[in-house]
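What follows is a single structure, written as structure tokens, with notes after it.
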Amino acid sequence: MAVTALLEFDRVGFAYRGAGVSAVTDITLSVSAGEGVALLGPNGAGKTTLLRLAMALLHPTSGDVRVSGRSTRGRMPEDLAGDAGFLFQQPEHQLFASTVGEDVAFGPRRLGRANVDAAVSEALEALELGDVRSVHPYDLPAPRRRLVALAGVLALRAGLLLLDEPTSGLDRRSRRLVRQAVARHRALGGAVLAVSHDGEFVLEALDRAIILDRGSTIQDSSVPRALGVHGAPPAPAWAEIAAALGAPAESRRFEPAVEFVSMRCRERRHA
Amino acid sequence: MKGLETASLGFQYGEGGPAALDGVSVALASGAVSWLTGAPGAGTSTLLLAACGLAPQYTGGVVSGSCRLLDEDPQTAEGRARLSGRVAYVSADPASQLSGIAETVVREVAFAPANLGWPRERIDLAAGAALDRMEVSHLSSRLPASLSGGEQQRVVIASMLVLSPEVWLLDEPGSALDARGRATLAAILADEARRGALVVVASEDADWLAGFADRLIVMAGGRIVRDGVPADLLADPALAVTGAGSTAVADFARALAERDPAFESGRLPVTVADALERWQ
């Protein structure tokens, strides 16, 4: 059986009613199982619009969007919930239940998933939220509230994760938890499409980057080739340090960069 | 004094929960950028809200101790009335801060000045300048609700900038901005401080704030645990234990030292230039 792309955009155009200009124009892309794709570009480039189209919150004015091989035409976001999980830019708006545990369980329960409890526990533990399961989401500080929303998305165990700025406003520790959750999802064969202005998240958690500007794709490349390009976030500091010390492109992620710089300084000391 | 002065300021949301602020005594001077940071729940957001009286006015909860902002008491209705139009508060959720009434971006930015009774010519001039400075003039005739998250954040900041406020209280104001927008906002806030405004930013983005903050205050459990010059505090290996206030370079240096004790030193590099100087 041929590998089906989890998400396909086929010459997609979209204009908000009354806006006068197209938000996205002629977008063609596909995201396959295991892939981690960053959606980069300046404010207003059309990144969030593209995610909304992928989730059937919007429908194309031209072209077609397919999730798990099926067109979103005539379908609502809830029809896609088994295939795709969506994290909003202000994810606290996604929370509504009176406890963290109930909120995270809502999606999988509604989909009739088996082992809801196990899925909820796993998602909460992955994001270090096990201790607040019975707490009201709004009694948590904003960064942890954002993690609760992400836990709800993870607990769906959908193949495709659509994430809008998943690390914005998060502290360093929480950002690491998000990166690890994304890595785990991909290792299990899931795909991720994420809008982000966080160069660290993009470099560490994703491989491919699509840069949008004024609603069109201007570049589709590996992440290291995209960072610092028009509207894309800059590379994190360690990538800059490793590059200045002569590290090859594949050694610019955190762990390989630590390895490279420590080897290189050791050589210097012995020389 | 000009600026913000608190004495044993305490705050509790709802009933029975832990204290969000627990005896905060601090004086923040006008004319400088003060940066608040801390792990989630440390109290940085609450301190901003209490400083202008939004807590408990809009959040509920109970305040204790004292707080003076520009020599007014923001915890009283009279104090808030005298502070009206002089204090800019920018929340971490820009969409929630739009008026919901203005049909265009330029009217959104004119909303506060119009309510303060400014003459039309002055509003037009100031609104145009604020939109220009936040690089959103091209969005002037758009419906605010139709904008992207980053564009809304720029518009919300422009709608405060228009007032030339004496106080800026900002909670993760760069969260939805692209790299260029963050550089623009950093320059504006540094300018505002130079003009004499009190600027207080709560943020986890150490790499961004290290570039323009004059003072760093680290909070934990509703208390201030460190207070000093950012370059000094960020270079202190002990800061990491609070779970906050660490730049990407400092993180990297700590990982290097864990791997190879030869990299250990009393002070961490904070910027890329610091690091290259040591390791090149």
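Lettering and numbering for the structure tokens are positional, with chains as A, B, ... in the shown order, residues counted from 1 in each chain, and ligands counted from 1 in the shown order.
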For chain A against chain B, with a cut-off of 7 Å and counting only C-alpha atoms, what is the closest atom pair and its distance in Å to one decimal for every residue that makes the cut, ordered by chain and number, as a Markdown table?
```
| residue | atom | partner | partner_atom | distance |
| --- | --- | --- | --- | --- |
| A:Pro42 | CA | B:Asp178 | CA | 5.7 |
| A:Asn43 | CA | B:Gly150 | CA | 5.2 |
| A:Gly44 | CA | B:Ser148 | CA | 5.6 |
| A:Gln90 | CA | B:Asp93 | CA | 6.9 |
| A:Pro141 | CA | B:Gly41 | CA | 5.2 |
| A:Pro143 | CA | B:Pro40 | CA | 6.1 |
| A:Arg144 | CA | B:Pro40 | CA | 6.9 |
| A:Ser168 | CA | B:Ser175 | CA | 5.2 |
| A:Gly169 | CA | B:Ser175 | CA | 5.5 |
| A:Leu170 | CA | B:Glu204 | CA | 6.6 |
| A:Asp171 | CA | B:Glu204 | CA | 5.2 |
| A:His197 | CA | B:Asp178 | CA | 5.8 |
| A:Gly231 | CA | B:Asp178 | CA | 6.6 |
| A:Pro233 | CA | B:Ala179 | CA | 5.7 |
| A:Pro236 | CA | B:Ala248 | CA | 6.9 |
| A:Ala237 | CA | B:Val249 | CA | 5.8 |
| A:Trp238 | CA | B:Val249 | CA | 6.2 |
| A:Ile241 | CA | B:Val272 | CA | 6.3 |
| A:Leu245 | CA | B:Gln280 | CA | 6.7 |
| A:Val258 | CA | B:Leu256 | CA | 5.8 |
| A:Ser262 | CA | B:Leu256 | CA | 6.5 |
| A:Cys265 | CA | B:Trp279 | CA | 6.6 |
```
Strand (DSSP E) per DSSP on the backbone: members of segment 50-207 of chain A, as a ChimeraX atom specification: /A:62-67,70-71,84-87,160-164,191-195
Surrounding residues of Leu170 of chain B excluding itself and chain neighbours under 2 positions, 10 Å, only C-alpha atoms, as a ChimeraX atom specification: /B:35-36,45,48-49,88-92,157,167-168,172-174,199-203
Which residue of B:Val156, B:Ala81, B:Ala55, B:Leu125 approaches Ser99 of chain B most closely, using only C-alpha atoms: B:Val156
Long-range neighbours of Glu250 of chain A as a ChimeraX atom specification, 12 Å cut-off, only C-alpha atoms, 3 positions minimum in chain: /A:203-204,207,222-225,239,242-243,246-247,253-257,259-260
Got time to write the residues from that selection, N, CA and C atoms, as a compact mmCIF listing (two decimals), in the first residue's frame?
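Saved result, again-v4.txt, follows:
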```
# COMPACT_ATOMS: atom_id res chain seq x y z
N LEU A 203 14.36 24.23 15.38
CA LEU A 203 15.60 23.49 15.09
C LEU A 203 15.64 22.14 15.80
N GLU A 204 15.20 22.12 17.05
CA GLU A 204 15.34 20.90 17.85
C GLU A 204 14.24 19.87 17.56
N ASP A 207 12.17 19.11 11.17
CA ASP A 207 13.20 18.91 10.16
C ASP A 207 13.04 19.80 8.94
N SER A 222 15.18 22.33 4.33
CA SER A 222 15.48 21.82 5.65
C SER A 222 15.43 22.99 6.64
N VAL A 223 15.23 22.68 7.92
CA VAL A 223 15.15 23.74 8.94
C VAL A 223 16.43 24.59 8.98
N PRO A 224 17.64 23.97 9.04
CA PRO A 224 18.83 24.83 9.16
C PRO A 224 18.97 25.84 8.02
N ARG A 225 18.48 25.49 6.83
CA ARG A 225 18.58 26.43 5.71
C ARG A 225 17.54 27.54 5.79
N ALA A 239 23.61 27.29 17.86
CA ALA A 239 23.83 26.98 16.45
C ALA A 239 24.79 28.01 15.86
N ALA A 242 28.29 27.16 17.29
CA ALA A 242 28.85 25.98 16.63
C ALA A 242 29.27 26.33 15.21
N ALA A 243 28.45 27.12 14.52
CA ALA A 243 28.77 27.49 13.13
C ALA A 243 30.05 28.33 13.10
N GLY A 246 33.06 26.36 13.23
CA GLY A 246 33.30 25.48 12.09
C GLY A 246 32.48 24.20 12.05
N ALA A 247 31.42 24.11 12.86
CA ALA A 247 30.61 22.89 12.85
C ALA A 247 29.84 22.77 11.54
N ARG A 253 22.31 21.31 16.10
CA ARG A 253 21.33 21.10 17.16
C ARG A 253 22.07 21.03 18.49
N PHE A 254 21.29 21.16 19.58
CA PHE A 254 21.90 21.33 20.90
C PHE A 254 22.91 20.24 21.24
N GLU A 255 22.49 18.98 21.27
CA GLU A 255 23.38 17.90 21.71
C GLU A 255 24.60 17.75 20.79
N PRO A 256 24.39 17.68 19.46
CA PRO A 256 25.57 17.59 18.58
C PRO A 256 26.48 18.81 18.71
N ALA A 257 25.91 19.98 18.96
CA ALA A 257 26.72 21.19 19.10
C ALA A 257 27.57 21.13 20.37
N GLU A 259 28.61 18.42 21.77
CA GLU A 259 29.64 17.43 21.42
C GLU A 259 30.74 18.08 20.57
N PHE A 260 30.34 18.81 19.57
CA PHE A 260 31.30 19.42 18.64
C PHE A 260 32.20 20.42 19.36
```
Using only C-alpha atoms: which of A:Leu40, A:Ile211, A:Leu51, A:Ala33 has the shortest distance to Leu87 of chain A: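 Of A:Leu40, A:Ile211, A:Leu51, A:Ala33, the one nearest Leu87 of chain A is A:Leu51, counting only C-alpha atoms.
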Between atom CA of Asp164 of chain A and atom CA of Ala194 of chain A - distance in Å to one decimal: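 These two atoms are separated by 5.8 Å.
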Neighbour list for segment 104-114 of chain B as a PyMOL selection string, cut-off 9 Å, only C-alpha atoms, skip fewer than 5 positions in-chain: chain B and resi 85+98-99+119-120+122-124+126-128+130-131+136-137+139-144+155-163
Nearby residues (only C-alpha atoms) at most 12 Å from Ala190 of chain B, same-chain spacing under 5 positions excluded, as a list in words: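 Within the cut-off, the hits are Ser30, Gly31, Ala32, Val33, Ser34, Trp35, Trp168, Ala183, Thr184, Leu185, Arg195, Gly196, Ala197, Leu198, Val199, Val200, Val201, Leu209, Gly211, Phe212, Ala213 and Asp214 of chain B.
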What does the file look like for those residues with N, CA and C atoms, as a PDB file, in the first residue's frame?
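Listing of again35.pdb after writing:
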```
ATOM      1  N   SER B  30      11.304  54.995  37.360  1.00  0.00           N
ATOM      2  CA  SER B  30      11.015  55.417  35.994  1.00  0.00           C
ATOM      3  C   SER B  30      12.335  55.632  35.276  1.00  0.00           C
ATOM      4  N   GLY B  31      12.297  55.526  33.947  1.00  0.00           N
ATOM      5  CA  GLY B  31      13.505  55.759  33.172  1.00  0.00           C
ATOM      6  C   GLY B  31      14.359  54.532  32.965  1.00  0.00           C
ATOM      7  N   ALA B  32      13.827  53.366  33.309  1.00  0.00           N
ATOM      8  CA  ALA B  32      14.586  52.126  33.122  1.00  0.00           C
ATOM      9  C   ALA B  32      13.642  51.001  32.738  1.00  0.00           C
ATOM     10  N   VAL B  33      14.204  49.966  32.090  1.00  0.00           N
ATOM     11  CA  VAL B  33      13.433  48.765  31.766  1.00  0.00           C
ATOM     12  C   VAL B  33      13.715  47.714  32.835  1.00  0.00           C
ATOM     13  N   SER B  34      12.685  47.364  33.597  1.00  0.00           N
ATOM     14  CA  SER B  34      12.816  46.304  34.606  1.00  0.00           C
ATOM     15  C   SER B  34      12.188  45.042  34.053  1.00  0.00           C
ATOM     16  N   TRP B  35      12.886  43.931  34.231  1.00  0.00           N
ATOM     17  CA  TRP B  35      12.447  42.647  33.671  1.00  0.00           C
ATOM     18  C   TRP B  35      12.142  41.692  34.808  1.00  0.00           C
ATOM     19  N   TRP B 168       4.612  51.560  31.547  1.00  0.00           N
ATOM     20  CA  TRP B 168       4.330  50.396  30.689  1.00  0.00           C
ATOM     21  C   TRP B 168       4.430  49.145  31.540  1.00  0.00           C
ATOM     22  N   ALA B 183      12.438  42.894  17.584  1.00  0.00           N
ATOM     23  CA  ALA B 183      13.513  43.895  17.572  1.00  0.00           C
ATOM     24  C   ALA B 183      12.915  45.300  17.630  1.00  0.00           C
ATOM     25  N   THR B 184      11.829  45.513  16.897  1.00  0.00           N
ATOM     26  CA  THR B 184      11.156  46.818  16.894  1.00  0.00           C
ATOM     27  C   THR B 184      10.649  47.155  18.289  1.00  0.00           C
ATOM     28  N   LEU B 185       9.981  46.185  18.928  1.00  0.00           N
ATOM     29  CA  LEU B 185       9.412  46.438  20.251  1.00  0.00           C
ATOM     30  C   LEU B 185      10.511  46.693  21.281  1.00  0.00           C
ATOM     31  N   ARG B 195      12.883  58.151  27.502  1.00  0.00           N
ATOM     32  CA  ARG B 195      11.988  59.304  27.558  1.00  0.00           C
ATOM     33  C   ARG B 195      11.532  59.558  28.995  1.00  0.00           C
ATOM     34  N   GLY B 196      11.770  58.574  29.892  1.00  0.00           N
ATOM     35  CA  GLY B 196      11.419  58.782  31.300  1.00  0.00           C
ATOM     36  C   GLY B 196      10.304  57.892  31.798  1.00  0.00           C
ATOM     37  N   ALA B 197       9.802  57.000  30.933  1.00  0.00           N
ATOM     38  CA  ALA B 197       8.706  56.123  31.362  1.00  0.00           C
ATOM     39  C   ALA B 197       9.235  54.999  32.248  1.00  0.00           C
ATOM     40  N   LEU B 198       8.335  54.489  33.101  1.00  0.00           N
ATOM     41  CA  LEU B 198       8.625  53.270  33.859  1.00  0.00           C
ATOM     42  C   LEU B 198       8.222  52.106  32.965  1.00  0.00           C
ATOM     43  N   VAL B 199       9.164  51.217  32.669  1.00  0.00           N
ATOM     44  CA  VAL B 199       8.853  50.065  31.813  1.00  0.00           C
ATOM     45  C   VAL B 199       9.114  48.783  32.602  1.00  0.00           C
ATOM     46  N   VAL B 200       8.075  47.956  32.743  1.00  0.00           N
ATOM     47  CA  VAL B 200       8.217  46.683  33.444  1.00  0.00           C
ATOM     48  C   VAL B 200       7.717  45.571  32.521  1.00  0.00           C
ATOM     49  N   VAL B 201       8.583  44.626  32.229  1.00  0.00           N
ATOM     50  CA  VAL B 201       8.233  43.530  31.324  1.00  0.00           C
ATOM     51  C   VAL B 201       8.334  42.205  32.074  1.00  0.00           C
ATOM     52  N   LEU B 209      15.104  39.648  26.328  1.00  0.00           N
ATOM     53  CA  LEU B 209      15.190  40.680  27.362  1.00  0.00           C
ATOM     54  C   LEU B 209      16.623  41.028  27.730  1.00  0.00           C
ATOM     55  N   GLY B 211      18.888  41.628  25.974  1.00  0.00           N
ATOM     56  CA  GLY B 211      19.368  42.652  25.046  1.00  0.00           C
ATOM     57  C   GLY B 211      18.965  44.073  25.399  1.00  0.00           C
ATOM     58  N   PHE B 212      17.924  44.261  26.232  1.00  0.00           N
ATOM     59  CA  PHE B 212      17.515  45.652  26.483  1.00  0.00           C
ATOM     60  C   PHE B 212      17.045  45.959  27.902  1.00  0.00           C
ATOM     61  N   ALA B 213      17.047  44.965  28.795  1.00  0.00           N
ATOM     62  CA  ALA B 213      16.608  45.247  30.169  1.00  0.00           C
ATOM     63  C   ALA B 213      17.748  45.847  30.988  1.00  0.00           C
ATOM     64  N   ASP B 214      17.395  46.782  31.894  1.00  0.00           N
ATOM     65  CA  ASP B 214      18.396  47.411  32.766  1.00  0.00           C
ATOM     66  C   ASP B 214      18.498  46.701  34.107  1.00  0.00           C
TER      67      ASP B 214
END
```
Residue nearest Phe11 of chain B among B:Pro56, B:Gly266, B:Gly117, B:Gly100 (counting only C-alpha atoms):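 Answer, going by the shortest atom-to-atom distance: B:Pro56.
Distances here use only C-alpha atoms; by that measure, the residue among A:Val148, A:Val120, A:Leu193, A:Ala155 closest to Leu39 of chain A is A:Leu193.
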Gap from atom CA of Trp208 of chain B to atom CA of Asp198 of chain A - Å, one decimal: 11.4 Å
Excluding Tyr16 of chain A and any residue of its chain fewer than 2 positions from it, enumerate the residues within 10 Å of it, using only C-alpha atoms, and give them as a PDB file with C-alpha atoms, in the first residue's frame.
```
ATOM      1  CA  PHE A  14      -8.419  31.383   0.500  1.00  0.00           C
ATOM      2  CA  GLY A  18     -14.654  41.355   2.999  1.00  0.00           C
ATOM      3  CA  ALA A  19     -10.877  41.414   3.475  1.00  0.00           C
ATOM      4  CA  GLY A  20     -10.262  42.359  -0.160  1.00  0.00           C
ATOM      5  CA  VAL A  21      -7.003  40.414  -0.331  1.00  0.00           C
ATOM      6  CA  SER A  22      -6.323  36.679  -0.387  1.00  0.00           C
ATOM      7  CA  ALA A  23      -4.932  35.310   2.857  1.00  0.00           C
ATOM      8  CA  VAL A  24      -3.287  32.397   1.008  1.00  0.00           C
ATOM      9  CA  THR A  49      -4.971  30.687   8.066  1.00  0.00           C
ATOM     10  CA  LEU A  58     -11.977  27.318   7.117  1.00  0.00           C
ATOM     11  CA  THR A  61     -12.063  29.210  -1.940  1.00  0.00           C
TER      12      THR A  61
ATOM     13  CA  SER B 146      -9.585  39.717  11.216  1.00  0.00           C
TER      14      SER B 146
END
```
